[in-house]
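A.B. asks: Handing you a structure now.
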Amino acid sequence: MYCNYRRFTVDKMEDVCSFAVREAEKRGAEYAEAYMTKSKESEVFIENNDLKQLKYHKNSGLGVRVFVNGSLGFSSVNVLERESIEDAALEAIKLARVSPADKFNSMPKEARIKFLEGIYDINAESFSLYDATKLAADMLVAAKSFDDRVSIDSGSFTSSVMTHALLNSNGVRAEETVSSFSWSIMGMAVNDKEVSNFDFKFGSAHHVKDVDVFSTGREFAKTVVNSLGARKIDSFRGKMLLTPSAATELVQDVIANSINSYTVQKGASKFEGKIGTPVSSDLLTLEDDATNIDGLGSSSFDREGVPHRRNMIIENGVLKKFIYDSYTANKDNTESTGNAGGSPKIPPIVSATNIVVKPGKSKLEDLISDMDTGIIVNRFSGNVNPVNGDFSGVVKGGHYVKNGDSEYAVKEVMVAGNVFDALHDLVGVSRERKVLADSILPYMLFENVSFTAG
């Protein structure tokens with residue numbers, strides 16, 4: 001059916017993938033896989049309190065993975081013509097034949113995929129660059145109209161519709177379309193010669209009706225204005241309340257690295273050998289859940305075509321499991337958790353999807369009232385070692401709390417410690433949570449944290 005066409009119709013993604021797999025098998029692949037994406041994206045950029053650049057682009061790509069006598073070969077193309085796909089299949093075969101064999105290489109077999117509802121909005125198809133520009137402008141106005149001292153350094157609004165499809169020799173066939181909208185704003189407040197700390201706010205949604213740039217712009221403006229009048233403080237040891245944004249920087253990335261089976265198998269995870277044991281206080285319950293449609297990491301199947309699922313990682317402080325793709329699962333004699341990630345440009349790699357922390361029983365205001373002496377950390381700027389958990393940096397947009405009252409903004413305050421130690425000192429988790437791209441996080445209160453005056 002292909003001989004009369006030099007270029008495929010990209011809309012028929014399954015035909016393209018099927019052709020790539022057949023070509024690889026004809027050339028000697030024992031197992032072959034084709035993974036393809038196509039997307040269209042509108043982007044509007046903000047710079048120096050104004051709209052600066054508009055972009056619209058379409059992309060497509062195809063990755064061909066093969067196994068020959070247990071050896072891996074991979075090649076990718078972004079030109080979806082017959083000759084290019086044939087070349088990609090041949091290149092993957094050539095690479096496999098000079099690569100070392102690995103008994104853990106495999107491709108998943110066909111399994112029932114329960115396709116998610118709520119991650120695709122048909123209205124996103126007609127969402128234009130004009131629409132994106134208007135919403136970026138609305139976010140600017142929302143922030144600037146809050147207070148004339150607000151200054152926006154940068155920001156953006158992006159709309160995307162992406163379809164991904166996968167087909168392999170073992171009968172796996174999967175295809176779905178995901179729509180997403182994301183927006184961000186960064187800047188400060190300026191009052192005469194005083195400049196507040198920079199702050200960054202982000203929002204996201206799968207549906208046009210859920211886009212709310214106004215709230216993001218207002219929240220940003222309120223945060224930077226409240227950071228004016230910052231004072232120096234004396235060094236002390238006390239409590240630290242992380243906002244969801246700060247928790248992303250200090251907690252999420254370290255945990256995501258530590259539960260990655262590839263990292264564990266390399267001996268580079270502090271969680272190695274700790275399945276079934278406490279790794280935090282019992283207030284922490286954390287999942288990796290691509291089926292949670294509130295996060296942008298949601299989809300029905302992973303980079304290998306394995307159905308996505310809800311994975312309980314830490315339950316009441318106890319480590320329950322690691323996340324796996326097919327290769328790392330084979331090494332540990334277990335099954336994939338549906339955590340193969342990546343694009344058509346690279347072979348599958350173990351990757352987290354949506355990191356979701358269960359809400360606590362306390363209101364945010366109650367967590368603050370429980371702070372005798374401490375700092376609310378709105379943003380963290382510094383270094384975090386994802387392997388050993390050590391961190392040190394500067395508190396940004398922080399507020400000093402004394403006897404349950406948020407008294408004033410702070411400046412030149414350093415915070416240092418170890419994430420793994422801090423997890424055991426977690427003493428509060430808020431009911432309130434925020435969606436931050438591929439995570440859903442609450443406010444988190446820690447005790448016994450060292451703050452150093454600058």
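Labels for the structure tokens follow display order: chains A, B, ..., residues from 1 in each chain, ligands from 1.
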Return as JSON, numbers by chain the full set of residues in segment 200-448 of chain A whose backbone-based DSSP assignment is strand (DSSP E).

C.D. replies: {"A": [200, 201, 202, 203, 204, 205, 236, 237, 238, 239, 240, 241, 242, 286, 287, 288, 289, 310, 311, 312, 313, 314, 315, 318, 319, 340, 341, 349, 350, 355, 356, 357, 373, 374, 375, 376, 377, 379, 380, 381, 382, 383, 384, 390, 391, 392, 393, 394, 395, 396, 399, 400, 401, 402, 405, 406, 407, 408, 409, 413, 414, 415, 416, 417, 418, 426, 427, 428, 429, 430, 431, 432, 433, 434, 435, 439, 440, 441, 442, 443, 444, 445, 446, 447, 448]}

A.B. asks: So which residues touch segment 360-366 of chain A within 6 Å, counting only C-alpha atoms, skipping near sequence neighbours fewer than 3 positions away, as a PDB file with N, CA and C atoms, in the first residue's frame?

C.D. replies:
```pdb
ATOM      1  N   SER A 369       0.229  28.873  62.277  1.00  0.00           N
ATOM      2  CA  SER A 369       0.026  29.140  63.702  1.00  0.00           C
ATOM      3  C   SER A 369       0.810  28.179  64.583  1.00  0.00           C
ATOM      4  N   VAL A 429       1.473  18.774  56.931  1.00  0.00           N
ATOM      5  CA  VAL A 429       1.129  18.760  55.507  1.00  0.00           C
ATOM      6  C   VAL A 429      -0.243  19.402  55.374  1.00  0.00           C
ATOM      7  N   SER A 430      -0.372  20.354  54.467  1.00  0.00           N
ATOM      8  CA  SER A 430      -1.617  21.124  54.353  1.00  0.00           C
ATOM      9  C   SER A 430      -2.699  20.383  53.576  1.00  0.00           C
ATOM     10  N   ARG A 431      -3.945  20.785  53.834  1.00  0.00           N
ATOM     11  CA  ARG A 431      -5.055  20.306  53.015  1.00  0.00           C
ATOM     12  C   ARG A 431      -4.953  20.893  51.613  1.00  0.00           C
TER      13      ARG A 431
END
```

A.B. asks: Excluding Ser196 of chain A and its own-chain neighbours fewer than 3 positions away, which residues fall within 9 Å of it when counting only C-alpha atoms? Please give them as a ChimeraX atom specification.

C.D. replies: /A:188-191,199,224-230,397

A.B. asks: Please provide the set of residues having any atom within 9 Å of Leu167 of chain A, restricted to only C-alpha atoms, with same-chain residues fewer than 4 positions apart removed, written as a list in words.

C.D. replies: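 Everything that qualifies: Glu14, Cys17, Ser18, Val21, Ala32, Glu33, Ala34, Tyr35, Gly171, Val172, Arg173, Ala174, Glu175, Glu304 and Gly305 of chain A.
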
A.B. asks: Which residue gives the smallest distance to Arg231 of chain A among A:His164, A:His308, A:Arg97, A:Lys411, with only C-alpha atoms counted?

C.D. replies: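 Answer, going by the shortest atom-to-atom distance: A:Lys411.
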
A.B. asks: Neighbours of Val279 of chain A within 8 Å (only C-alpha atoms; same-chain residues fewer than 4 positions away dropped), as a list in words?

C.D. replies: Phe271, Lys274, Gly317, Val318, Leu319, Phe420, Leu423 and His424 of chain A

A.B. asks: Please measure the separation of atom CA of Asn59 of chain A and atom CA of Phe181 of chain A, giving the value in Å to one decimal.

C.D. replies: 17.0 Å

A.B. asks: Mind pulling up the distance from atom CA of Lys232 of chain A to atom CA of Thr452 of chain A?

C.D. replies: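 Computing the Euclidean distance for atom CA of Thr452 of chain A and atom CA of Lys232 of chain A yields 10.3 Å.
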
A.B. asks: Measuring atom to atom with only C-alpha atoms, identify which of A:Met414, A:Gly273, A:Glu83, A:Met139 is nearest to Val211 of chain A.

C.D. replies: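 Closest candidate: A:Met139.
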
A.B. asks: Select, from A:Val16, A:Gly398, A:Phe115, A:Ser343, the residue with the minimum atom-to-atom distance to Arg309 of chain A, counting only C-alpha atoms.

C.D. replies: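 The shortest atom-to-atom distance to Arg309 of chain A comes from A:Phe115.
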
A.B. asks: Rounded to one decimal, what separation in Å do you get between atom CA of Ser351 of chain A and atom CA of Ser269 of chain A?

C.D. replies: 14.6 Å

A.B. asks: Determine the nearest neighbour of Ile293 of chain A from the options A:Ile113, A:Met312, A:Ala437, A:Val413, counting only C-alpha atoms.

C.D. replies: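 Ranked by minimum distance to Ile293 of chain A, first place goes to A:Ala437.
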
A.B. asks: Between A:Ser106, A:Ser235, A:Ser381, A:Gln53, which is the closest to Asn170 of chain A once you count only C-alpha atoms?

C.D. replies: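 Smallest separation from Asn170 of chain A among the options: A:Ser106.
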